[in-house]
Each structure stands twice: as structure tokens, then as C-alpha cells.
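Engineer: If it helps, the file is called entry_4.pdb and holds PDB, C-alpha atoms and all ligand atoms:
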```
ATOM      1  CA  MET A1045     -28.170  23.874  -8.844  1.00  0.00           C
ATOM      2  CA  LYS A1046     -25.041  22.237 -10.229  1.00  0.00           C
ATOM      3  CA  LYS A1047     -22.319  21.730  -7.658  1.00  0.00           C
ATOM      4  CA  LYS A1048     -19.130  23.669  -8.333  1.00  0.00           C
ATOM      5  CA  ASN A1049     -16.154  21.593  -9.445  1.00  0.00           C
ATOM      6  CA  PHE A1050     -13.033  21.169  -7.348  1.00  0.00           C
ATOM      7  CA  ILE A1051     -10.437  23.777  -8.239  1.00  0.00           C
ATOM      8  CA  ALA A1052      -6.922  22.439  -7.798  1.00  0.00           C
ATOM      9  CA  SER A1053      -4.441  24.972  -6.519  1.00  0.00           C
ATOM     10  CA  GLU A1054      -0.986  25.277  -8.025  1.00  0.00           C
ATOM     11  CA  HIS A1055       0.642  22.797  -5.627  1.00  0.00           C
ATOM     12  CA  SER A1056      -0.401  21.454  -2.215  1.00  0.00           C
ATOM     13  CA  THR A1057       1.113  19.298   0.499  1.00  0.00           C
ATOM     14  CA  SER A1058      -0.946  16.103   0.628  1.00  0.00           C
ATOM     15  CA  PRO A1059      -3.305  15.013   1.975  1.00  0.00           C
ATOM     16  CA  ILE A1060      -5.803  17.811   1.420  1.00  0.00           C
ATOM     17  CA  ASN A1061      -9.493  18.359   1.982  1.00  0.00           C
ATOM     18  CA  ILE A1062     -11.254  18.145  -1.363  1.00  0.00           C
ATOM     19  CA  ALA A1063     -14.208  20.493  -1.714  1.00  0.00           C
ATOM     20  CA  GLY A1064     -16.474  20.556  -4.746  1.00  0.00           C
ATOM     21  CA  GLY A1065     -17.342  18.065  -7.470  1.00  0.00           C
ATOM     22  CA  PRO A1066     -14.810  16.055  -9.518  1.00  0.00           C
ATOM     23  CA  ASN A1067     -12.567  17.986 -11.915  1.00  0.00           C
ATOM     24  CA  SER A1068     -11.886  14.988 -14.216  1.00  0.00           C
ATOM     25  CA  ASP A1069     -14.078  12.461 -16.026  1.00  0.00           C
ATOM     26  CA  GLY A1070     -11.086  10.102 -16.180  1.00  0.00           C
ATOM     27  CA  ALA A1071     -10.892  10.126 -19.991  1.00  0.00           C
ATOM     28  CA  ASN A1072      -7.165  10.941 -19.716  1.00  0.00           C
ATOM     29  CA  ILE A1073      -6.411   7.715 -17.749  1.00  0.00           C
ATOM     30  CA  HIS A1074      -5.525   4.507 -19.598  1.00  0.00           C
ATOM     31  CA  PHE A1075      -4.797   1.305 -17.708  1.00  0.00           C
ATOM     32  CA  ASN A1076      -2.503  -1.372 -19.073  1.00  0.00           C
ATOM     33  CA  TYR A1077      -2.519  -3.785 -16.141  1.00  0.00           C
ATOM     34  CA  PRO A1078      -2.131  -7.578 -16.460  1.00  0.00           C
ATOM     35  CA  GLU A1079      -5.327  -9.418 -15.551  1.00  0.00           C
ATOM     36  CA  SER A1080      -3.743 -10.855 -12.421  1.00  0.00           C
ATOM     37  CA  MET A1081      -0.482 -10.268 -10.563  1.00  0.00           C
ATOM     38  CA  LEU A1082       1.356 -11.563  -7.547  1.00  0.00           C
ATOM     39  CA  PHE A1083       1.813  -9.169  -4.622  1.00  0.00           C
ATOM     40  CA  ASP A1084       3.925  -9.468  -1.452  1.00  0.00           C
ATOM     41  CA  LEU A1085       2.056  -8.425   1.688  1.00  0.00           C
ATOM     42  CA  ALA A1086       3.681  -6.666   4.620  1.00  0.00           C
ATOM     43  CA  ILE A1087       2.703  -4.405   7.493  1.00  0.00           C
ATOM     44  CA  THR A1088       4.939  -1.339   7.354  1.00  0.00           C
ATOM     45  CA  SER A1089       5.092   1.559   9.757  1.00  0.00           C
ATOM     46  CA  THR A1090       5.125   5.189   8.644  1.00  0.00           C
ATOM     47  CA  ILE A1091       5.071   8.463  10.551  1.00  0.00           C
ATOM     48  CA  ASN A1092       1.292   8.429  10.022  1.00  0.00           C
ATOM     49  CA  GLY A1093       0.834   4.978  11.565  1.00  0.00           C
ATOM     50  CA  SER A1094       1.078   1.484  10.168  1.00  0.00           C
ATOM     51  CA  VAL A1095      -0.180   0.488   6.749  1.00  0.00           C
ATOM     52  CA  LEU A1096      -0.786  -2.796   4.983  1.00  0.00           C
ATOM     53  CA  THR A1097       1.323  -2.798   1.823  1.00  0.00           C
ATOM     54  CA  ALA A1098       0.968  -5.132  -1.170  1.00  0.00           C
ATOM     55  CA  SER A1099       4.100  -4.733  -3.300  1.00  0.00           C
ATOM     56  CA  VAL A1100       4.264  -5.928  -6.888  1.00  0.00           C
ATOM     57  CA  SER A1101       6.255  -9.190  -6.695  1.00  0.00           C
ATOM     58  CA  GLN A1102       9.508  -9.506  -8.646  1.00  0.00           C
ATOM     59  CA  LEU A1103       8.158 -12.870  -9.821  1.00  0.00           C
ATOM     60  CA  ASN A1104       5.598 -11.265 -12.169  1.00  0.00           C
ATOM     61  CA  GLU A1105       6.478 -11.610 -15.833  1.00  0.00           C
ATOM     62  CA  GLU A1106       4.309  -8.680 -16.865  1.00  0.00           C
ATOM     63  CA  LYS A1107       4.349  -5.200 -15.367  1.00  0.00           C
ATOM     64  CA  ALA A1108       1.334  -2.968 -14.716  1.00  0.00           C
ATOM     65  CA  PHE A1109       1.242   0.473 -16.327  1.00  0.00           C
ATOM     66  CA  VAL A1110      -1.090   3.421 -16.293  1.00  0.00           C
ATOM     67  CA  ALA A1111      -0.875   6.314 -18.752  1.00  0.00           C
ATOM     68  CA  ILE A1112      -2.124   9.673 -17.545  1.00  0.00           C
ATOM     69  CA  ASN A1113      -1.975  12.677 -19.851  1.00  0.00           C
ATOM     70  CA  ASN A1114       0.325  10.599 -22.101  1.00  0.00           C
ATOM     71  CA  GLU A1115       2.888   9.957 -19.375  1.00  0.00           C
ATOM     72  CA  THR A1116       3.429   6.270 -18.443  1.00  0.00           C
ATOM     73  CA  TYR A1117       3.770   5.159 -14.833  1.00  0.00           C
ATOM     74  CA  GLU A1118       4.513   1.662 -13.500  1.00  0.00           C
ATOM     75  CA  LEU A1119       2.574   0.235 -10.544  1.00  0.00           C
ATOM     76  CA  ARG A1120       4.977  -0.414  -7.627  1.00  0.00           C
ATOM     77  CA  GLN A1121       2.667  -1.176  -4.728  1.00  0.00           C
ATOM     78  CA  LEU A1122      -0.649  -0.471  -3.107  1.00  0.00           C
ATOM     79  CA  HIS A1123      -1.260   0.194   0.557  1.00  0.00           C
ATOM     80  CA  VAL A1124      -4.130   1.172   2.787  1.00  0.00           C
ATOM     81  CA  HIS A1125      -4.596   3.875   5.430  1.00  0.00           C
ATOM     82  CA  ALA A1126      -7.158   3.768   8.247  1.00  0.00           C
ATOM     83  CA  PRO A1127      -8.905   6.176   8.345  1.00  0.00           C
ATOM     84  CA  SER A1128      -8.641   7.942   4.968  1.00  0.00           C
ATOM     85  CA  GLU A1129      -5.979  10.614   4.523  1.00  0.00           C
ATOM     86  CA  HIS A1130      -7.874  12.783   2.031  1.00  0.00           C
ATOM     87  CA  THR A1131     -11.188  14.187   3.156  1.00  0.00           C
ATOM     88  CA  ILE A1132     -14.076  15.013   0.865  1.00  0.00           C
ATOM     89  CA  ASP A1133     -15.994  18.074   2.052  1.00  0.00           C
ATOM     90  CA  ASN A1134     -14.318  17.440   5.435  1.00  0.00           C
ATOM     91  CA  LEU A1135     -15.651  13.866   5.560  1.00  0.00           C
ATOM     92  CA  ARG A1136     -13.119  11.178   6.413  1.00  0.00           C
ATOM     93  CA  HIS A1137     -13.759   7.716   4.955  1.00  0.00           C
ATOM     94  CA  THR A1138     -13.103   4.423   6.783  1.00  0.00           C
ATOM     95  CA  LEU A1139     -10.134   3.504   4.572  1.00  0.00           C
ATOM     96  CA  GLU A1140      -8.106   4.882   1.688  1.00  0.00           C
ATOM     97  CA  TRP A1141      -6.080   2.733  -0.706  1.00  0.00           C
ATOM     98  CA  HIS A1142      -3.099   4.253  -2.483  1.00  0.00           C
ATOM     99  CA  PHE A1143      -1.928   2.719  -5.765  1.00  0.00           C
ATOM    100  CA  VAL A1144       1.638   4.014  -6.064  1.00  0.00           C
ATOM    101  CA  HIS A1145       3.076   4.339  -9.591  1.00  0.00           C
ATOM    102  CA  GLN A1146       6.327   5.794 -10.875  1.00  0.00           C
ATOM    103  CA  THR A1147       7.784   6.820 -14.211  1.00  0.00           C
ATOM    104  CA  GLU A1148      11.171   5.437 -15.194  1.00  0.00           C
ATOM    105  CA  ASP A1149      12.793   8.630 -13.920  1.00  0.00           C
ATOM    106  CA  GLY A1150      10.996   8.443 -10.585  1.00  0.00           C
ATOM    107  CA  HIS A1151       7.974  10.770 -10.901  1.00  0.00           C
ATOM    108  CA  TYR A1152       4.966   9.630  -8.902  1.00  0.00           C
ATOM    109  CA  THR A1153       1.320   9.293  -9.623  1.00  0.00           C
ATOM    110  CA  VAL A1154      -0.856   7.868  -6.850  1.00  0.00           C
ATOM    111  CA  ILE A1155      -4.428   6.705  -7.380  1.00  0.00           C
ATOM    112  CA  GLY A1156      -6.566   6.952  -4.242  1.00  0.00           C
ATOM    113  CA  VAL A1157      -9.600   4.726  -3.666  1.00  0.00           C
ATOM    114  CA  PHE A1158     -11.873   5.159  -0.633  1.00  0.00           C
ATOM    115  CA  MET A1159     -13.566   2.349   1.280  1.00  0.00           C
ATOM    116  CA  GLU A1160     -16.610   2.728   3.521  1.00  0.00           C
ATOM    117  CA  LYS A1161     -18.127   0.163   5.899  1.00  0.00           C
ATOM    118  CA  ASP A1162     -21.051  -1.758   4.381  1.00  0.00           C
ATOM    119  CA  ASN A1163     -22.645  -5.227   4.395  1.00  0.00           C
ATOM    120  CA  SER A1164     -20.037  -6.784   2.113  1.00  0.00           C
ATOM    121  CA  THR A1165     -16.524  -6.197   0.838  1.00  0.00           C
ATOM    122  CA  THR A1166     -16.052  -5.091  -2.794  1.00  0.00           C
ATOM    123  CA  ALA A1167     -15.449  -8.527  -4.351  1.00  0.00           C
ATOM    124  CA  PRO A1168     -11.987  -8.092  -5.959  1.00  0.00           C
ATOM    125  CA  TYR A1169     -10.548  -7.127  -2.548  1.00  0.00           C
ATOM    126  CA  GLN A1170     -11.867 -10.295  -0.873  1.00  0.00           C
ATOM    127  CA  THR A1171      -8.818 -12.417  -1.856  1.00  0.00           C
ATOM    128  CA  LEU A1172      -6.581 -10.030   0.031  1.00  0.00           C
ATOM    129  CA  PHE A1173      -8.671 -10.235   3.203  1.00  0.00           C
ATOM    130  CA  ASP A1174      -8.838 -14.026   2.899  1.00  0.00           C
ATOM    131  CA  VAL A1175      -5.019 -14.142   2.886  1.00  0.00           C
ATOM    132  CA  LEU A1176      -4.922 -11.677   5.785  1.00  0.00           C
ATOM    133  CA  ALA A1177      -7.175 -14.019   7.785  1.00  0.00           C
ATOM    134  CA  THR A1178      -4.312 -16.534   7.958  1.00  0.00           C
ATOM    135  CA  SER A1179      -1.203 -14.323   7.927  1.00  0.00           C
ATOM    136  CA  ASN A1180      -0.040 -10.680   7.777  1.00  0.00           C
ATOM    137  CA  GLU A1181       2.715 -11.617   5.402  1.00  0.00           C
ATOM    138  CA  GLY A1182       3.001 -13.781   2.328  1.00  0.00           C
ATOM    139  CA  SER A1183       1.887 -13.593  -1.261  1.00  0.00           C
ATOM    140  CA  CYS A1184      -1.460 -12.844  -2.765  1.00  0.00           C
ATOM    141  CA  THR A1185      -2.718 -12.947  -6.350  1.00  0.00           C
ATOM    142  CA  LEU A1186      -4.915  -9.972  -7.168  1.00  0.00           C
ATOM    143  CA  ALA A1187      -6.638  -8.650 -10.287  1.00  0.00           C
ATOM    144  CA  PRO A1188      -5.276  -5.111  -9.925  1.00  0.00           C
ATOM    145  CA  ARG A1189      -7.490  -3.311 -12.438  1.00  0.00           C
ATOM    146  CA  THR A1190     -10.628  -4.570 -10.673  1.00  0.00           C
ATOM    147  CA  LEU A1191      -9.507  -3.006  -7.383  1.00  0.00           C
ATOM    148  CA  ILE A1192      -9.858   0.444  -8.932  1.00  0.00           C
ATOM    149  CA  PRO A1193     -13.402   1.536  -9.828  1.00  0.00           C
ATOM    150  CA  GLU A1194     -14.320   0.997 -13.470  1.00  0.00           C
ATOM    151  CA  LYS A1195     -15.625   4.542 -13.672  1.00  0.00           C
ATOM    152  CA  THR A1196     -12.569   6.766 -13.214  1.00  0.00           C
ATOM    153  CA  THR A1197     -14.248  10.120 -12.584  1.00  0.00           C
ATOM    154  CA  GLY A1198     -12.410  11.884  -9.791  1.00  0.00           C
ATOM    155  CA  TRP A1199     -10.200  14.653  -8.542  1.00  0.00           C
ATOM    156  CA  HIS A1200      -6.759  15.346 -10.017  1.00  0.00           C
ATOM    157  CA  TYR A1201      -4.322  17.670  -8.317  1.00  0.00           C
ATOM    158  CA  ASN A1202      -0.604  18.243  -7.926  1.00  0.00           C
ATOM    159  CA  GLY A1203       0.422  17.346  -4.383  1.00  0.00           C
ATOM    160  CA  THR A1204       3.036  15.333  -2.547  1.00  0.00           C
ATOM    161  CA  LEU A1205       3.661  11.991  -0.883  1.00  0.00           C
ATOM    162  CA  THR A1206       1.958  12.063   2.541  1.00  0.00           C
ATOM    163  CA  THR A1207       5.156  10.866   4.258  1.00  0.00           C
ATOM    164  CA  PRO A1208       8.802  12.051   4.048  1.00  0.00           C
ATOM    165  CA  PRO A1209      10.474  12.945   1.732  1.00  0.00           C
ATOM    166  CA  TYR A1210       7.149  14.445   0.451  1.00  0.00           C
ATOM    167  CA  ASP A1211       8.166  14.064  -3.198  1.00  0.00           C
ATOM    168  CA  PRO A1212       5.822  15.662  -5.764  1.00  0.00           C
ATOM    169  CA  VAL A1213       2.861  13.445  -6.699  1.00  0.00           C
ATOM    170  CA  GLN A1214       0.207  13.748  -9.341  1.00  0.00           C
ATOM    171  CA  TRP A1215      -2.857  12.670  -7.349  1.00  0.00           C
ATOM    172  CA  VAL A1216      -5.875  10.963  -8.845  1.00  0.00           C
ATOM    173  CA  VAL A1217      -8.565  10.456  -6.201  1.00  0.00           C
ATOM    174  CA  MET A1218     -11.491   8.326  -7.344  1.00  0.00           C
ATOM    175  CA  GLN A1219     -15.038   9.459  -6.676  1.00  0.00           C
ATOM    176  CA  THR A1220     -16.552   5.937  -6.617  1.00  0.00           C
ATOM    177  CA  ILE A1221     -16.300   4.481  -3.124  1.00  0.00           C
ATOM    178  CA  THR A1222     -15.627   0.767  -2.535  1.00  0.00           C
ATOM    179  CA  THR A1223     -16.927  -1.096   0.525  1.00  0.00           C
ATOM    180  CA  ILE A1224     -15.671  -3.280   3.356  1.00  0.00           C
ATOM    181  CA  ALA A1225     -17.560  -5.656   5.626  1.00  0.00           C
ATOM    182  CA  GLU A1226     -17.180  -5.143   9.382  1.00  0.00           C
ATOM    183  CA  SER A1227     -15.418  -8.532   9.818  1.00  0.00           C
ATOM    184  CA  ASP A1228     -12.809  -7.692   7.136  1.00  0.00           C
ATOM    185  CA  LEU A1229     -12.303  -4.242   8.644  1.00  0.00           C
ATOM    186  CA  GLN A1230     -11.619  -5.768  12.079  1.00  0.00           C
ATOM    187  CA  LEU A1231      -9.149  -8.198  10.482  1.00  0.00           C
ATOM    188  CA  LEU A1232      -7.318  -5.333   8.783  1.00  0.00           C
ATOM    189  CA  LEU A1233      -7.247  -3.080  11.850  1.00  0.00           C
ATOM    190  CA  GLN A1234      -5.906  -5.959  13.940  1.00  0.00           C
ATOM    191  CA  ALA A1235      -3.164  -6.662  11.377  1.00  0.00           C
ATOM    192  CA  MET A1236      -2.285  -2.955  11.422  1.00  0.00           C
ATOM    193  CA  GLY A1237      -2.232  -2.887  15.223  1.00  0.00           C
ATOM    194  CA  GLN A1238      -5.178  -0.502  15.423  1.00  0.00           C
ATOM    195  CA  ALA A1239      -7.728  -2.784  17.085  1.00  0.00           C
TER     196      ALA A1239
HETATM  197 ZN    ZN B1301      -0.480   6.316   1.339  1.00  0.00          ZN
END
```
Can I see the file as C-alpha cells?
Ligand SMILES: [Zn+2]

Structural biologist:
Amino acid sequence: MKKKNFIASEHSTSPINIAGGPNSDGANIHFNYPESMLFDLAITSTINGSVLTASVSQLNEEKAFVAINNETYELRQLHVHAPSEHTIDNLRHTLEWHFVHQTEDGHYTVIGVFMEKDNSTTAPYQTLFDVLATSNEGSCTLAPRTLIPEKTTGWHYNGTLTTPPYDPVQWVVMQTITTIAESDLQLLLQAMGQA
């Protein structure tokens, strides 16, 4: 029997529990990210605990854009929550990355990518953990498109930021789950003050 697709309600306060199969095959998402970009790392605290944030450095010559339903958003930063904020059928993943984008007039779209513990870390993320092994702050060159699964099937819904001021967000939560090795997870949790 085919699993019922996720039905997005009119508007929800994020995060939410997602129940049912993906409601988007990702055909409406078009990435225009530079191959590699410089990011500034920092541990920041939020009302939901501390997060590791990698902000797009001002030193980059090229900007990263994503077009969703013909609206263009610029990548500002990515950060990670432990454990995940969204749940899928009430299951919480080990980590959840948020790729925060904004339009010129300030509207948000956030792409969520889950991480689960496994034998190895999804390769494009390794650079970040290698930098983290020496310092919680500093710069890091990442290939941003490769951090987001190639296959962009997922769940789209209208929600909010998960922290004040809870501005409206168009959420795109990816179905494909990336992985993290135990040693990298411990490194991250230590940096975030959770180990
Ligand atoms: Zn977040």
C-alpha cells in the first residue's frame, strides 16, 4: 500500500512533527551556489540551546542563491541542532542542519538536512569537523551544494523560525539523511557544550 503524502496545514509554528511521505519531488528547487565558499564558524546560543553556526564570509566574491517556486533566496548561514528539531513520524534524528536563506526583502526559506550516527561522516562535511578538531572558531572552506543531498525530494511547508522572533519561513526538509561518525559527533557536542 502506498504511504499517504504529508499534508501541509495552512501555517504552523516550527518545528513540527512530519507525518506521511514527502509532498515534493524537489523539481521546483534550483541551486545556484558557487562550488566552494568561505564560512566563519562560531558557537552561538539560542533559547533552544547552543548551535554551531557557519556564516557566509564577507570575503566571498560570489554569493549562493537558491530559487524555489521562482523566488530567489540568498544563503546567509548554516547551523546545526542536536538533536533534530523536526521529527519524522515522531522520530528525532541525531542532528539537523539548517541552511538559512533570505530574499532581498527579508523573507526566509530554510533547508533542513538530517544527520544520523553511522560508521563515517558524509564526506563534504568532513572539512568542517576537521576545522572543529582544532578550534571552535575560525574560517572553513566548504562546497555548500554538496552538503545538501543531491536528490531534493522532501517536505515543504509554511512555518516559522524556531527561535524568536518566529518570522515566517518556507521550510524545505530533505528526505535523504546524511551521516556522522561517532568521533565527529563527540567533537561537535563538546564544541556545543553538550558533552
Ligand atoms: Zn535552526

Engineer: Here is a test: counting all atoms listed in the file, which residue of A:Asp1162, A:Val1095, A:Thr1207, A:Tyr1201 is nearest to A:Glu1226?

Structural biologist: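 Nearest to A:Glu1226: A:Asp1162.
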
Engineer: Hey, can you check how far atom CA of A:Gly1237 sits from atom CA of A:Ser1089?

Structural biologist: 10.2 Å

Engineer: What do you get, as a PyMOL selection string, if you spell out every residue that the PyMOL selection byres (((chain A and resi 1167) around 12) and not hetatm) selects here?

Structural biologist: chain A and resi 1163-1166+1168-1174+1186-1187+1190-1193+1222-1225+1228

Engineer: Provide the atom CA of A:Leu1139 to atom CA of A:Phe1158 distance in Å, to one decimal place.

Structural biologist: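 Pair atom CA of A:Leu1139 / atom CA of A:Phe1158 returns 5.7 Å.
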
Engineer: Show me the residues around (-6.9, 22.3, -8.2) - criterion: an atom at most 10 Å away, only C-alpha atoms counted - as a list in words.

Structural biologist: Asn1049, Phe1050, Ile1051, Ala1052, Ser1053, Glu1054, His1055, Ser1056, Ile1062, Ala1063, Asn1067, Trp1199, His1200, Tyr1201, Asn1202 and Gly1203 of chain A

Engineer: Show me a table, sorted first by chain and then by increasing residue number, of the residues of chain A having an atom at most 9 Å from ligand ZN 1301 (chain B), each with its shortest atom pair and the distance in Å to one decimal, counting only C-alpha atoms and all ligand atoms and written as a Markdown table.

Structural biologist:
```
| residue | atom | partner | partner_atom | distance |
| --- | --- | --- | --- | --- |
| A:Val1095 | CA | B:ZN1301 | ZN | 8.0 |
| A:Leu1122 | CA | B:ZN1301 | ZN | 8.1 |
| A:His1123 | CA | B:ZN1301 | ZN | 6.2 |
| A:Val1124 | CA | B:ZN1301 | ZN | 6.5 |
| A:His1125 | CA | B:ZN1301 | ZN | 6.3 |
| A:Glu1129 | CA | B:ZN1301 | ZN | 7.7 |
| A:Glu1140 | CA | B:ZN1301 | ZN | 7.8 |
| A:Trp1141 | CA | B:ZN1301 | ZN | 7.0 |
| A:His1142 | CA | B:ZN1301 | ZN | 5.1 |
| A:Phe1143 | CA | B:ZN1301 | ZN | 8.1 |
| A:Val1144 | CA | B:ZN1301 | ZN | 8.0 |
| A:Val1154 | CA | B:ZN1301 | ZN | 8.3 |
| A:Gly1156 | CA | B:ZN1301 | ZN | 8.3 |
| A:Leu1205 | CA | B:ZN1301 | ZN | 7.4 |
| A:Thr1206 | CA | B:ZN1301 | ZN | 6.4 |
| A:Thr1207 | CA | B:ZN1301 | ZN | 7.8 |
```

Engineer: Quick one: apply the PyMOL selection byres (((chain A and resi 1110) around 9) and not hetatm) to the file and drop the selected residues here as a list in words.

Structural biologist: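 That expression, the PyMOL selection byres (((chain A and resi 1110) around 9) and not hetatm), corresponds here to Ile1073, His1074, Phe1075, Asn1076, Tyr1077, Ala1108, Phe1109, Ala1111, Ile1112, Glu1115, Thr1116, Tyr1117, Glu1118, Leu1119 and His1145 of chain A.
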
Engineer: Rank A:Leu1082, A:Met1159, A:Ala1239, A:Ile1221 by their smallest atom-to-atom distance to A:Glu1194, using all atoms listed in the file, and report the top residue only.

Structural biologist: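 For A:Glu1194, the nearest of the given residues is A:Ile1221.
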
Engineer: In Å to one decimal, how far is atom CA of A:Asn1134 from atom CA of A:Asp1069?

Structural biologist: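 So the answer is 22.0 Å.
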
Engineer: Taking the file above as input, evaluate the PyMOL selection byres (((chain A and resi 1099) around 9) and not hetatm) and report the hits as a PDB file with C-alpha atoms, in the coordinates of the input.

Structural biologist:
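result.pdb, freshly written:
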```pdb
ATOM      1  CA  LEU A1082       1.356 -11.563  -7.547  1.00  0.00           C
ATOM      2  CA  PHE A1083       1.813  -9.169  -4.622  1.00  0.00           C
ATOM      3  CA  ASP A1084       3.925  -9.468  -1.452  1.00  0.00           C
ATOM      4  CA  LEU A1085       2.056  -8.425   1.688  1.00  0.00           C
ATOM      5  CA  ALA A1086       3.681  -6.666   4.620  1.00  0.00           C
ATOM      6  CA  THR A1097       1.323  -2.798   1.823  1.00  0.00           C
ATOM      7  CA  ALA A1098       0.968  -5.132  -1.170  1.00  0.00           C
ATOM      8  CA  VAL A1100       4.264  -5.928  -6.888  1.00  0.00           C
ATOM      9  CA  SER A1101       6.255  -9.190  -6.695  1.00  0.00           C
ATOM     10  CA  GLN A1102       9.508  -9.506  -8.646  1.00  0.00           C
ATOM     11  CA  LEU A1119       2.574   0.235 -10.544  1.00  0.00           C
ATOM     12  CA  ARG A1120       4.977  -0.414  -7.627  1.00  0.00           C
ATOM     13  CA  GLN A1121       2.667  -1.176  -4.728  1.00  0.00           C
ATOM     14  CA  LEU A1122      -0.649  -0.471  -3.107  1.00  0.00           C
ATOM     15  CA  HIS A1123      -1.260   0.194   0.557  1.00  0.00           C
TER      16      HIS A1123
END
```

Engineer: Which residue, A:Asp1133, A:Thr1178, A:Thr1147, A:Asn1113, has the smallest gap to A:Ser1068 when you use all atoms listed in the file?

Structural biologist: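 For A:Ser1068, the nearest of the candidates is A:Asn1113.
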
Engineer: Using only C-alpha atoms, find the one residue out of A:His1137, A:Thr1197, A:Gly1064, A:Leu1096 that sits nearest to A:Glu1181.

Structural biologist: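 Among the listed residues, the smallest separation from A:Glu1181 belongs to A:Leu1096.
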
Engineer: Between A:Asn1104, A:Gln1146, A:Asn1061, A:Thr1153, single out the one closest to A:Val1216, counting only C-alpha atoms.

Structural biologist: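 Closest residue, counting only C-alpha atoms: A:Thr1153.
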
Engineer: Have a look at A:Ser1058, A:Thr1196, A:Asn1092, A:Asn1180 and name the one nearest to A:Asn1072; count only C-alpha atoms.

Structural biologist: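 That would be A:Thr1196, the residue with the smallest distance to A:Asn1072.
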